file data.cif (mmCIF, C-alpha atoms)
data_input
#
loop_
_atom_site.group_PDB
_atom_site.id
_atom_site.type_symbol
_atom_site.label_atom_id
_atom_site.label_comp_id
_atom_site.auth_asym_id
_atom_site.auth_seq_id
_atom_site.Cartn_x
_atom_site.Cartn_y
_atom_site.Cartn_z
ATOM 1 C CA PRO Q 1 45.328 -48.970 5.553
ATOM 2 C CA THR Q 2 45.466 -45.359 4.410
ATOM 3 C CA TYR Q 3 49.127 -44.887 5.290
ATOM 4 C CA ALA Q 4 50.083 -47.392 2.589
ATOM 5 C CA PHE Q 5 49.128 -44.779 -0.019
ATOM 6 C CA ALA Q 6 51.264 -42.027 1.528
ATOM 7 C CA PRO Q 7 54.216 -42.468 -0.884
ATOM 8 C CA LEU Q 8 51.755 -41.714 -3.717
ATOM 9 C CA LEU Q 9 50.485 -38.486 -2.175
ATOM 10 C CA TYR Q 10 51.787 -36.357 -5.049
ATOM 11 C CA GLN Q 11 50.257 -38.603 -7.722
ATOM 12 C CA LEU Q 12 46.922 -38.953 -5.913
ATOM 13 C CA SER Q 13 46.472 -35.244 -5.251
ATOM 14 C CA SER Q 14 47.344 -34.522 -8.885
ATOM 15 C CA ARG Q 15 44.270 -36.543 -9.884
ATOM 16 C CA LEU Q 16 41.790 -34.594 -7.822
ATOM 17 C CA GLY Q 17 38.842 -33.537 -9.957
ATOM 18 C CA ASP Q 18 39.641 -36.111 -12.628
ATOM 19 C CA GLU Q 19 36.208 -37.254 -13.828
ATOM 20 C CA THR Q 20 37.281 -38.850 -17.087
ATOM 21 C CA SER Q 21 38.468 -42.172 -15.685
ATOM 22 C CA ASN Q 22 36.468 -45.235 -14.749
ATOM 23 C CA ARG Q 23 37.263 -45.026 -11.046
ATOM 24 C CA PRO Q 24 34.322 -44.493 -8.652
ATOM 25 C CA LYS Q 25 33.489 -40.815 -8.341
ATOM 26 C CA GLY Q 26 35.032 -39.134 -5.329
ATOM 27 C CA VAL Q 27 37.298 -42.016 -4.294
ATOM 28 C CA VAL Q 28 40.532 -40.049 -4.919
ATOM 29 C CA ARG Q 29 39.269 -37.057 -2.962
ATOM 30 C CA LEU Q 30 38.217 -39.344 -0.098
ATOM 31 C CA LEU Q 31 41.640 -40.991 -0.041
ATOM 32 C CA VAL Q 32 43.442 -37.641 -0.064
ATOM 33 C CA ARG Q 33 41.140 -36.489 2.739
ATOM 34 C CA LYS Q 34 42.079 -39.540 4.800
ATOM 35 C CA LEU Q 35 45.768 -38.908 4.142
ATOM 36 C CA CYS Q 36 45.260 -35.455 5.649
ATOM 37 C CA ASP Q 37 44.331 -37.189 8.900
ATOM 38 C CA VAL Q 38 47.426 -39.418 8.799
ATOM 39 C CA ILE Q 39 50.067 -36.953 7.555
ATOM 40 C CA PRO Q 40 48.348 -33.545 7.790
ATOM 41 C CA ALA Q 41 51.288 -31.192 7.204
ATOM 42 C CA GLN Q 42 52.564 -32.973 4.108
ATOM 43 C CA ALA Q 43 49.105 -33.459 2.584
ATOM 44 C CA VAL Q 44 47.903 -29.918 3.275
ATOM 45 C CA LEU Q 45 51.028 -28.423 1.682
ATOM 46 C CA GLN Q 46 50.375 -30.438 -1.470
ATOM 47 C CA LEU Q 47 46.745 -29.266 -1.573
ATOM 48 C CA ILE Q 48 47.838 -25.637 -1.152
ATOM 49 C CA ALA Q 49 50.228 -25.980 -4.086
ATOM 50 C CA LEU Q 50 47.454 -27.384 -6.261
ATOM 51 C CA GLY Q 51 44.990 -24.740 -5.116
ATOM 52 C CA ASN Q 52 47.468 -22.029 -6.159
ATOM 53 C CA GLY Q 53 47.921 -23.610 -9.575
ATOM 54 C CA THR Q 54 46.764 -20.526 -11.494
ATOM 55 C CA ASP Q 55 48.914 -18.099 -9.511
ATOM 56 C CA VAL Q 56 51.710 -16.983 -11.843
ATOM 57 C CA ARG Q 57 52.710 -13.740 -10.134
ATOM 58 C CA THR Q 58 56.400 -14.603 -10.124
ATOM 59 C CA ALA Q 59 56.583 -16.281 -13.500
ATOM 60 C CA LYS Q 60 58.491 -13.495 -15.232
ATOM 61 C CA ARG Q 61 58.899 -15.374 -18.483
ATOM 62 C CA GLY Q 62 55.863 -16.769 -20.278
ATOM 63 C CA ALA Q 63 53.371 -16.108 -17.475
ATOM 64 C CA ASP Q 64 50.537 -15.188 -19.842
ATOM 65 C CA GLN Q 65 51.204 -18.164 -22.084
ATOM 66 C CA PHE Q 66 51.294 -20.535 -19.130
ATOM 67 C CA ALA Q 67 48.064 -19.206 -17.654
ATOM 68 C CA GLU Q 68 46.321 -19.452 -21.033
ATOM 69 C CA THR Q 69 47.558 -22.997 -21.630
ATOM 70 C CA PHE Q 70 46.824 -24.111 -18.094
ATOM 71 C CA LEU Q 71 43.272 -22.786 -18.057
ATOM 72 C CA SER Q 72 42.513 -24.100 -21.540
ATOM 73 C CA ASP Q 73 42.621 -27.614 -20.081
ATOM 74 C CA ALA Q 74 39.371 -28.186 -18.195
ATOM 75 C CA SER Q 75 40.945 -30.906 -16.053
ATOM 76 C CA ASN Q 76 43.436 -28.408 -14.594
ATOM 77 C CA GLU Q 77 40.647 -26.052 -13.595
ATOM 78 C CA ARG Q 78 38.709 -28.928 -12.011
ATOM 79 C CA ARG Q 79 41.833 -29.967 -10.107
ATOM 80 C CA VAL Q 80 42.341 -26.473 -8.708
ATOM 81 C CA ARG Q 81 38.697 -26.276 -7.618
ATOM 82 C CA ALA Q 82 38.843 -29.736 -6.049
ATOM 83 C CA ALA Q 83 41.984 -28.859 -4.079
ATOM 84 C CA ALA Q 84 40.470 -25.574 -2.896
ATOM 85 C CA GLY Q 85 37.268 -27.373 -1.912
ATOM 86 C CA THR Q 86 39.179 -29.992 0.055
ATOM 87 C CA LEU Q 87 41.051 -27.258 1.922
ATOM 88 C CA GLU Q 88 37.752 -25.603 2.835
ATOM 89 C CA ASP Q 89 36.482 -28.929 4.156
ATOM 90 C CA LEU Q 90 39.629 -29.280 6.265
ATOM 91 C CA ARG Q 91 39.212 -25.768 7.689
ATOM 92 C CA ARG Q 92 35.831 -26.844 9.041
ATOM 93 C CA CYS Q 93 37.459 -29.757 10.863
ATOM 94 C CA PRO Q 94 38.377 -28.699 14.441
ATOM 95 C CA GLU Q 95 41.407 -31.000 14.549
ATOM 96 C CA LEU Q 96 42.930 -29.657 11.325
ATOM 97 C CA ARG Q 97 41.723 -26.055 11.190
ATOM 98 C CA GLN Q 98 44.840 -24.590 12.837
ATOM 99 C CA VAL Q 99 47.223 -26.646 10.694
ATOM 100 C CA VAL Q 100 45.511 -25.523 7.494
ATOM 101 C CA ASN Q 101 45.383 -21.841 8.490
ATOM 102 C CA ASP Q 102 49.035 -21.794 9.595
ATOM 103 C CA LEU Q 103 50.290 -23.424 6.407
ATOM 104 C CA LEU Q 104 48.094 -21.184 4.236
ATOM 105 C CA ASN Q 105 49.628 -18.116 5.901
ATOM 106 C CA LEU Q 106 53.106 -19.538 5.397
ATOM 107 C CA ALA Q 107 52.496 -20.330 1.711
ATOM 108 C CA THR Q 108 51.086 -16.840 1.140
ATOM 109 C CA ALA Q 109 54.179 -15.291 2.733
ATOM 110 C CA TYR Q 110 56.521 -17.438 0.649
ATOM 111 C CA THR Q 111 54.649 -16.558 -2.549
ATOM 112 C CA SER Q 112 54.674 -12.827 -1.799
ATOM 113 C CA LEU Q 113 58.392 -12.749 -1.024
ATOM 114 C CA ALA Q 114 59.170 -14.837 -4.090
ATOM 115 C CA ALA Q 115 57.320 -12.235 -6.192
ATOM 116 C CA VAL Q 116 59.873 -9.574 -5.227
ATOM 117 C CA ASP Q 117 62.070 -8.873 -8.241
ATOM 118 C CA VAL Q 118 65.634 -8.736 -6.919
ATOM 119 C CA THR Q 119 66.845 -6.891 -10.021
ATOM 120 C CA GLN Q 120 64.802 -3.879 -8.887
ATOM 121 C CA ILE Q 121 66.545 -3.688 -5.508
ATOM 122 C CA ALA Q 122 69.208 -0.980 -5.438
ATOM 123 C CA ALA Q 123 71.607 -3.006 -3.286
ATOM 124 C CA VAL Q 124 71.544 -5.891 -5.777
ATOM 125 C CA ARG Q 125 72.114 -3.588 -8.726
ATOM 126 C CA GLU Q 126 75.156 -2.211 -6.880
ATOM 127 C CA GLY Q 127 76.607 -5.712 -6.643
ATOM 128 C CA HIS Q 128 75.675 -6.634 -3.071
ATOM 129 C CA THR Q 129 74.622 -10.218 -2.448
ATOM 130 C CA ARG Q 130 73.171 -9.650 1.026
ATOM 131 C CA VAL Q 131 69.970 -7.649 1.207
ATOM 132 C CA SER Q 132 68.173 -6.635 4.380
ATOM 133 C CA PHE Q 133 64.401 -6.575 4.442
ATOM 134 C CA ASP Q 134 64.576 -2.818 5.076
ATOM 135 C CA GLN Q 135 66.187 -2.355 1.672
ATOM 136 C CA VAL Q 136 63.154 -3.823 -0.083
ATOM 137 C CA ARG Q 137 60.994 -0.781 -0.718
ATOM 138 C CA GLY Q 138 57.248 -0.564 -1.085
ATOM 139 C CA GLY Q 139 56.293 -2.844 1.786
ATOM 140 C CA LEU Q 140 56.809 -5.909 -0.386
ATOM 141 C CA VAL Q 141 58.199 -8.050 2.433
ATOM 142 C CA PRO Q 142 55.339 -9.853 4.202
ATOM 143 C CA PRO Q 143 55.070 -9.124 7.956
ATOM 144 C CA PHE Q 144 55.436 -12.852 8.548
ATOM 145 C CA PHE Q 145 59.194 -12.557 7.921
ATOM 146 C CA THR Q 146 59.738 -9.446 10.045
ATOM 147 C CA THR Q 147 57.954 -10.543 13.243
ATOM 148 C CA ARG Q 148 58.626 -13.244 15.763
ATOM 149 C CA GLN Q 149 56.162 -16.072 16.054
ATOM 150 C CA ALA Q 150 54.482 -16.631 19.405
ATOM 151 C CA SER Q 151 55.702 -19.541 21.484
ATOM 152 C CA SER Q 152 52.278 -21.114 21.103
ATOM 153 C CA THR Q 153 52.580 -21.088 17.317
ATOM 154 C CA SER Q 154 53.133 -24.508 15.808
ATOM 155 C CA ILE Q 155 54.097 -23.628 12.230
ATOM 156 C CA PRO Q 156 56.738 -26.201 11.271
ATOM 157 C CA ILE Q 157 59.850 -25.463 9.270
ATOM 158 C CA VAL Q 158 58.551 -27.168 6.160
ATOM 159 C CA THR Q 159 61.974 -28.102 4.810
ATOM 160 C CA GLN Q 160 62.565 -30.131 7.986
ATOM 161 C CA LEU Q 161 59.341 -32.134 7.767
ATOM 162 C CA PRO Q 162 59.768 -35.872 7.212
ATOM 163 C CA THR Q 163 58.715 -37.153 3.822
ATOM 164 C CA ALA Q 164 55.221 -38.546 3.397
ATOM 165 C CA ARG Q 165 56.700 -42.038 3.207
ATOM 166 C CA THR Q 166 58.669 -41.647 6.441
ATOM 167 C CA ALA Q 167 55.826 -39.969 8.325
ATOM 168 C CA ALA Q 168 53.346 -42.660 7.316
ATOM 169 C CA ARG Q 169 55.761 -45.417 8.331
ATOM 170 C CA ARG Q 170 56.005 -43.913 11.812
ATOM 171 C CA VAL Q 171 52.231 -44.004 12.094
ATOM 172 C CA ALA Q 172 52.178 -47.600 10.910
ATOM 173 C CA GLN Q 173 54.786 -48.652 13.459
ATOM 174 C CA SER Q 174 52.961 -47.134 16.396
ATOM 175 C CA SER Q 175 49.520 -45.723 17.067
ATOM 176 C CA SER Q 176 50.709 -43.829 20.142
ATOM 177 C CA PRO Q 177 50.138 -40.071 20.433
ATOM 178 C CA SER Q 178 53.868 -39.456 20.060
ATOM 179 C CA ALA Q 179 53.849 -41.138 16.667
ATOM 180 C CA GLN Q 180 50.866 -39.101 15.576
ATOM 181 C CA SER Q 181 52.614 -35.943 16.760
ATOM 182 C CA SER Q 182 55.736 -36.830 14.808
ATOM 183 C CA SER Q 183 53.805 -37.501 11.623
ATOM 184 C CA SER Q 184 51.824 -34.275 11.831
ATOM 185 C CA GLY Q 185 54.994 -32.237 11.979
ATOM 186 C CA SER Q 186 54.472 -30.884 15.496
ATOM 187 C CA SER Q 187 57.662 -32.644 16.622
ATOM 188 C CA SER Q 188 59.614 -31.026 13.773
ATOM 189 C CA PRO Q 189 61.398 -27.709 14.406
ATOM 190 C CA ARG Q 190 58.952 -24.813 14.554
ATOM 191 C CA ILE Q 191 59.437 -21.345 13.118
ATOM 192 C CA TYR Q 192 60.472 -18.750 15.687
ATOM 193 C CA LYS Q 193 61.687 -15.944 13.417
ATOM 194 C CA TYR Q 194 63.643 -15.179 10.263
ATOM 195 C CA GLU Q 195 66.929 -13.319 10.115
ATOM 196 C CA GLN Q 196 66.270 -9.842 8.744
ATOM 197 C CA GLU Q 197 68.200 -10.308 5.533
ATOM 198 C CA PHE Q 198 68.448 -12.700 2.625
ATOM 199 C CA ARG Q 199 71.233 -13.579 0.244
ATOM 200 C CA VAL Q 200 71.052 -13.481 -3.549
ATOM 201 C CA PRO Q 201 73.494 -15.563 -5.633
ATOM 202 C CA GLU Q 202 75.831 -13.510 -7.802
ATOM 203 C CA SER Q 203 74.694 -15.296 -10.946
ATOM 204 C CA GLY Q 204 72.172 -17.801 -12.143
ATOM 205 C CA VAL Q 205 69.004 -18.042 -14.204
ATOM 206 C CA HIS Q 206 66.523 -17.683 -11.363
ATOM 207 C CA ARG Q 207 68.726 -16.258 -8.565
ATOM 208 C CA PRO Q 208 66.760 -17.686 -5.630
ATOM 209 C CA LYS Q 209 66.547 -15.947 -2.279
ATOM 210 C CA VAL Q 210 68.476 -17.681 0.496
ATOM 211 C CA LEU Q 211 66.740 -17.214 3.847
ATOM 212 C CA ARG Q 212 67.797 -18.194 7.342
ATOM 213 C CA CYS Q 213 65.055 -19.383 9.639
ATOM 214 C CA VAL Q 214 65.573 -19.584 13.400
ATOM 215 C CA GLY Q 215 63.672 -22.422 14.988
ATOM 216 C CA HIS Q 216 62.283 -22.675 18.489
ATOM 217 C CA ASP Q 217 65.116 -25.125 19.134
ATOM 218 C CA GLY Q 218 67.617 -22.284 18.664
ATOM 219 C CA ARG Q 219 69.108 -23.705 15.480
ATOM 220 C CA ARG Q 220 69.308 -21.874 12.162
ATOM 221 C CA TYR Q 221 68.041 -23.448 8.981
ATOM 222 C CA ARG Q 222 68.781 -22.284 5.455
ATOM 223 C CA GLU Q 223 65.954 -22.142 2.938
ATOM 224 C CA LEU Q 224 66.043 -21.443 -0.789
ATOM 225 C CA LEU Q 225 63.002 -19.610 -2.090
ATOM 226 C CA LYS Q 226 62.681 -20.072 -5.833
ATOM 227 C CA SER Q 227 60.322 -18.492 -8.309
ATOM 228 C CA ASP Q 228 59.696 -18.611 -12.034
ATOM 229 C CA ASP Q 229 60.467 -22.303 -12.055
ATOM 230 C CA ASP Q 230 58.549 -25.544 -12.511
ATOM 231 C CA ILE Q 231 59.615 -27.874 -9.700
ATOM 232 C CA ARG Q 232 57.162 -30.687 -10.434
ATOM 233 C CA GLN Q 233 59.905 -32.824 -11.972
ATOM 234 C CA ASP Q 234 62.054 -32.135 -8.901
ATOM 235 C CA LEU Q 235 59.258 -33.459 -6.688
ATOM 236 C CA VAL Q 236 59.068 -36.694 -8.667
ATOM 237 C CA MET Q 237 62.848 -37.164 -8.465
ATOM 238 C CA GLN Q 238 62.676 -36.502 -4.730
ATOM 239 C CA GLN Q 239 60.309 -39.456 -4.464
ATOM 240 C CA VAL Q 240 62.818 -41.599 -6.360
ATOM 241 C CA PHE Q 241 65.660 -40.552 -4.051
ATOM 242 C CA ASP Q 242 63.535 -41.251 -0.973
ATOM 243 C CA ALA Q 243 62.731 -44.741 -2.255
ATOM 244 C CA VAL Q 244 66.420 -45.455 -2.998
ATOM 245 C CA ASN Q 245 67.405 -44.173 0.447
ATOM 246 C CA GLU Q 246 64.892 -46.512 2.053
ATOM 247 C CA VAL Q 247 66.230 -49.498 0.120
ATOM 248 C CA CYS Q 248 69.789 -48.612 1.107
ATOM 249 C CA ALA Q 249 68.763 -48.219 4.746
ATOM 250 C CA ARG Q 250 67.318 -51.720 4.761
ATOM 251 C CA GLY Q 251 70.686 -53.110 3.691
ATOM 252 C CA GLY Q 252 69.354 -54.951 0.688
ATOM 253 C CA ALA Q 253 70.791 -52.730 -1.986
ATOM 254 C CA PHE Q 254 74.150 -54.500 -2.299
ATOM 255 C CA GLY Q 255 73.285 -58.158 -1.920
ATOM 256 C CA SER Q 256 73.980 -60.488 0.964
ATOM 257 C CA SER Q 257 77.758 -60.584 0.687
ATOM 258 C CA ARG Q 258 79.615 -60.614 3.977
ATOM 259 C CA ARG Q 259 82.063 -58.085 2.628
ATOM 260 C CA ARG Q 260 81.386 -54.692 4.149
ATOM 261 C CA ARG Q 261 79.932 -52.297 1.603
ATOM 262 C CA PRO Q 262 80.297 -48.525 1.721
ATOM 263 C CA SER Q 263 77.257 -46.551 2.734
ATOM 264 C CA ARG Q 264 75.641 -44.881 -0.251
ATOM 265 C CA ARG Q 265 72.763 -42.478 -0.010
ATOM 266 C CA PRO Q 266 71.756 -39.982 -2.685
ATOM 267 C CA ARG Q 267 71.327 -36.556 -1.146
ATOM 268 C CA SER Q 268 67.995 -34.969 -1.931
ATOM 269 C CA PRO Q 269 67.039 -31.463 -0.775
ATOM 270 C CA ARG Q 270 63.506 -31.173 0.606
ATOM 271 C CA ARG Q 271 61.281 -29.312 -1.829
ATOM 272 C CA ARG Q 272 57.982 -27.824 -0.693
ATOM 273 C CA PRO Q 273 55.983 -26.156 -3.463
ATOM 274 C CA ALA Q 274 53.793 -23.162 -2.675
ATOM 275 C CA ALA Q 275 52.136 -23.473 -6.075
ATOM 276 C CA SER Q 276 52.105 -25.887 -8.994
ATOM 277 C CA ARG Q 277 54.032 -23.531 -11.257
ATOM 278 C CA GLY Q 278 55.630 -20.149 -10.920
ATOM 279 C CA PRO Q 279 55.000 -18.668 -7.472
ATOM 280 C CA ALA Q 280 57.414 -20.314 -5.130
ATOM 281 C CA GLY Q 281 59.203 -23.450 -4.201
ATOM 282 C CA CYS Q 282 60.953 -23.591 -0.867
ATOM 283 C CA ARG Q 283 63.671 -26.158 -0.430
ATOM 284 C CA ARG Q 284 66.518 -27.012 1.875
ATOM 285 C CA PRO Q 285 69.923 -26.430 0.260
ATOM 286 C CA THR Q 286 72.011 -29.517 -0.433
#

call {"tool": "encode", "arguments": {"input": "data.cif", "output": "structure tokens"}}
result
Amino acid sequence: PTYAFAPLLYQLSSRLGDETSNRPKGVVRLLVRKLCDVIPAQAVLQLIALGNGTDVRTAKRGADQFAETFLSDASNERRVRAAAGTLEDLRRCPELRQVVNDLLNLATAYTSLAAVDVTQIAAVREGHTRVSFDQVRGGLVPPFFTTRQASSTSIPIVTQLPTARTAARRVAQSSSPSAQSSSSGSSSPRIYKYEQEFRVPESGVHRPKVLRCVGHDGRRYRELLKSDDDIRQDLVMQQVFDAVNEVCARGGAFGSSRRRRPSRRPRSPRRRPAASRGPAGCRRPT
């Protein structure tokens, strides 16, 4: 079953366009395409990140070197084209067209806001850590963050999406419409609006932007928008934490002793890349 490959979504999508191996041509792309039917939100976000692999707008340090090195490897260019082609195929699918368009708009907004250099904002230079969108001159804040989303909009809060492993397990446990809805992300909190300011840490190498998203459920969710950072290693470690959490949840991590063991779960913030390197990575704060 396709859902069995869901925990390997990151590794599979990273091999799109790989024509140097002995595997049958097109089998990886077909499997990724099928995963888009099972866990659409998670799979589409990964494809968007790969498709934006050459976007280094926010990579302030070494952007030219990265772009030159990245494009010098033909496999990277093939991977970007394969991801973009898969997204175009999904946009022609009536069942997935809206999901793809919504997440593309969201990723574009994240990338554009991440490209804003906070050191050029007067309020930050004066020592303020809270910056309103009105203080960002030049129309650099995407309209997505300054307008409310319609009640019919189903853009999920990506940091609240279940992991690919969890979403696929729900599909495996039940084929009911409710399970499909949960896996697609439509049962996750949806974006209603963003508070009209963001916070900037007083110090740090990257100084991410801390946003507050208001969901349709009335709750507020913090998001960290990072740029000029390679979060691919973070994504791999997130997979490790998710696997450890699942083992702990099953109760088999500490043997079969009758003695009550303390509950142990590594905390892992949800990371959702908007591009493979540089542009933006949105994650839920720990």

call {"tool": "axis_aligned_box", "arguments": {"input": "data.cif", "around": "region 78-87 of chain Q", "padding_each_side": "6 Å", "output": "JSON"}}
result
{"center_x": 39.8, "center_y": -27.8, "center_z": -5.0, "size_x": 17.1, "size_y": 16.4, "size_z": 25.9}

call {"tool": "closest_residue", "arguments": {"input": "data.cif", "among": "Q:Ala107, Q:Ala168, Q:Leu211, Q:Ala243", "to": "Leu224 (chain Q)", "atoms": "only C-alpha atoms"}}
result
Q:Leu211

call {"tool": "resolve_selection", "arguments": {"input": "data.cif", "expression": "the PyMOL selection byres ((chain Q and resi 48) around 8)", "output": "number ranges by chain"}}
result
Q: 44-47, 49-52, 83-84, 87, 104, 107, 274-275

call {"tool": "atom_distance", "arguments": {"input": "data.cif", "atom1": "CA of Val124 (chain Q)", "atom2": "CA of Phe144 (chain Q)"}}
result
22.7 Å

call {"tool": "resolve_selection", "arguments": {"input": "data.cif", "expression": "the PyMOL selection byres ((chain Q and resi 16) around 9)", "output": "list in words"}}
result
Leu12, Ser13, Ser14, Arg15, Gly17, Asp18, Glu19, Gly26, Val28, Arg29, Val32, Arg78, Arg79, Val80, Arg81, Ala82 and Ala83 of chain Q

call {"tool": "write_last_selection", "arguments": {"input": "data.cif", "atoms": "C-alpha atoms", "output": "short mmCIF file (atom, residue, chain, number, x, y, z; two decimals), in the coordinates of the input"}}
result
data_model
loop_
_atom_site.label_atom_id
_atom_site.label_comp_id
_atom_site.auth_asym_id
_atom_site.auth_seq_id
_atom_site.Cartn_x
_atom_site.Cartn_y
_atom_site.Cartn_z
CA LEU Q 12 46.92 -38.95 -5.91
CA SER Q 13 46.47 -35.24 -5.25
CA SER Q 14 47.34 -34.52 -8.88
CA ARG Q 15 44.27 -36.54 -9.88
CA GLY Q 17 38.84 -33.54 -9.96
CA ASP Q 18 39.64 -36.11 -12.63
CA GLU Q 19 36.21 -37.25 -13.83
CA GLY Q 26 35.03 -39.13 -5.33
CA VAL Q 28 40.53 -40.05 -4.92
CA ARG Q 29 39.27 -37.06 -2.96
CA VAL Q 32 43.44 -37.64 -0.06
CA ARG Q 78 38.71 -28.93 -12.01
CA ARG Q 79 41.83 -29.97 -10.11
CA VAL Q 80 42.34 -26.47 -8.71
CA ARG Q 81 38.70 -26.28 -7.62
CA ALA Q 82 38.84 -29.74 -6.05
CA ALA Q 83 41.98 -28.86 -4.08
#

call {"tool": "atom_distance", "arguments": {"input": "data.cif", "atom1": "CA of Arg170 (chain Q)", "atom2": "CA of Ala41 (chain Q)"}}
result
14.3 Å

call {"tool": "resolve_selection", "arguments": {"input": "data.cif", "expression": "the PyMOL selection byres ((chain Q and resi 217-222) around 9)", "output": "VMD selection string"}}
result
chain Q and resid 157 159 to 160 189 to 190 192 194 210 to 216 223 to 224 283 to 285

call {"tool": "residues_around", "arguments": {"input": "data.cif", "residues": "Ala6 (chain Q)", "least_positions_apart": "5", "cutoff": "8 Å", "atoms": "all atoms listed in the file", "output": "PyMOL selection string"}}
result
chain Q and resi 35+39+164-165+168

call {"tool": "closest_residue", "arguments": {"input": "data.cif", "among": "Q:Ala172, Q:Leu90, Q:Val131, Q:Val236", "to": "Pro201 (chain Q)", "atoms": "all atoms listed in the file"}}
result
Q:Val131

call {"tool": "closest_residue", "arguments": {"input": "data.cif", "among": "Q:Glu126, Q:Gln11, Q:Ala43, Q:Asp117", "to": "Gly138 (chain Q)", "atoms": "only C-alpha atoms"}}
result
Q:Asp117
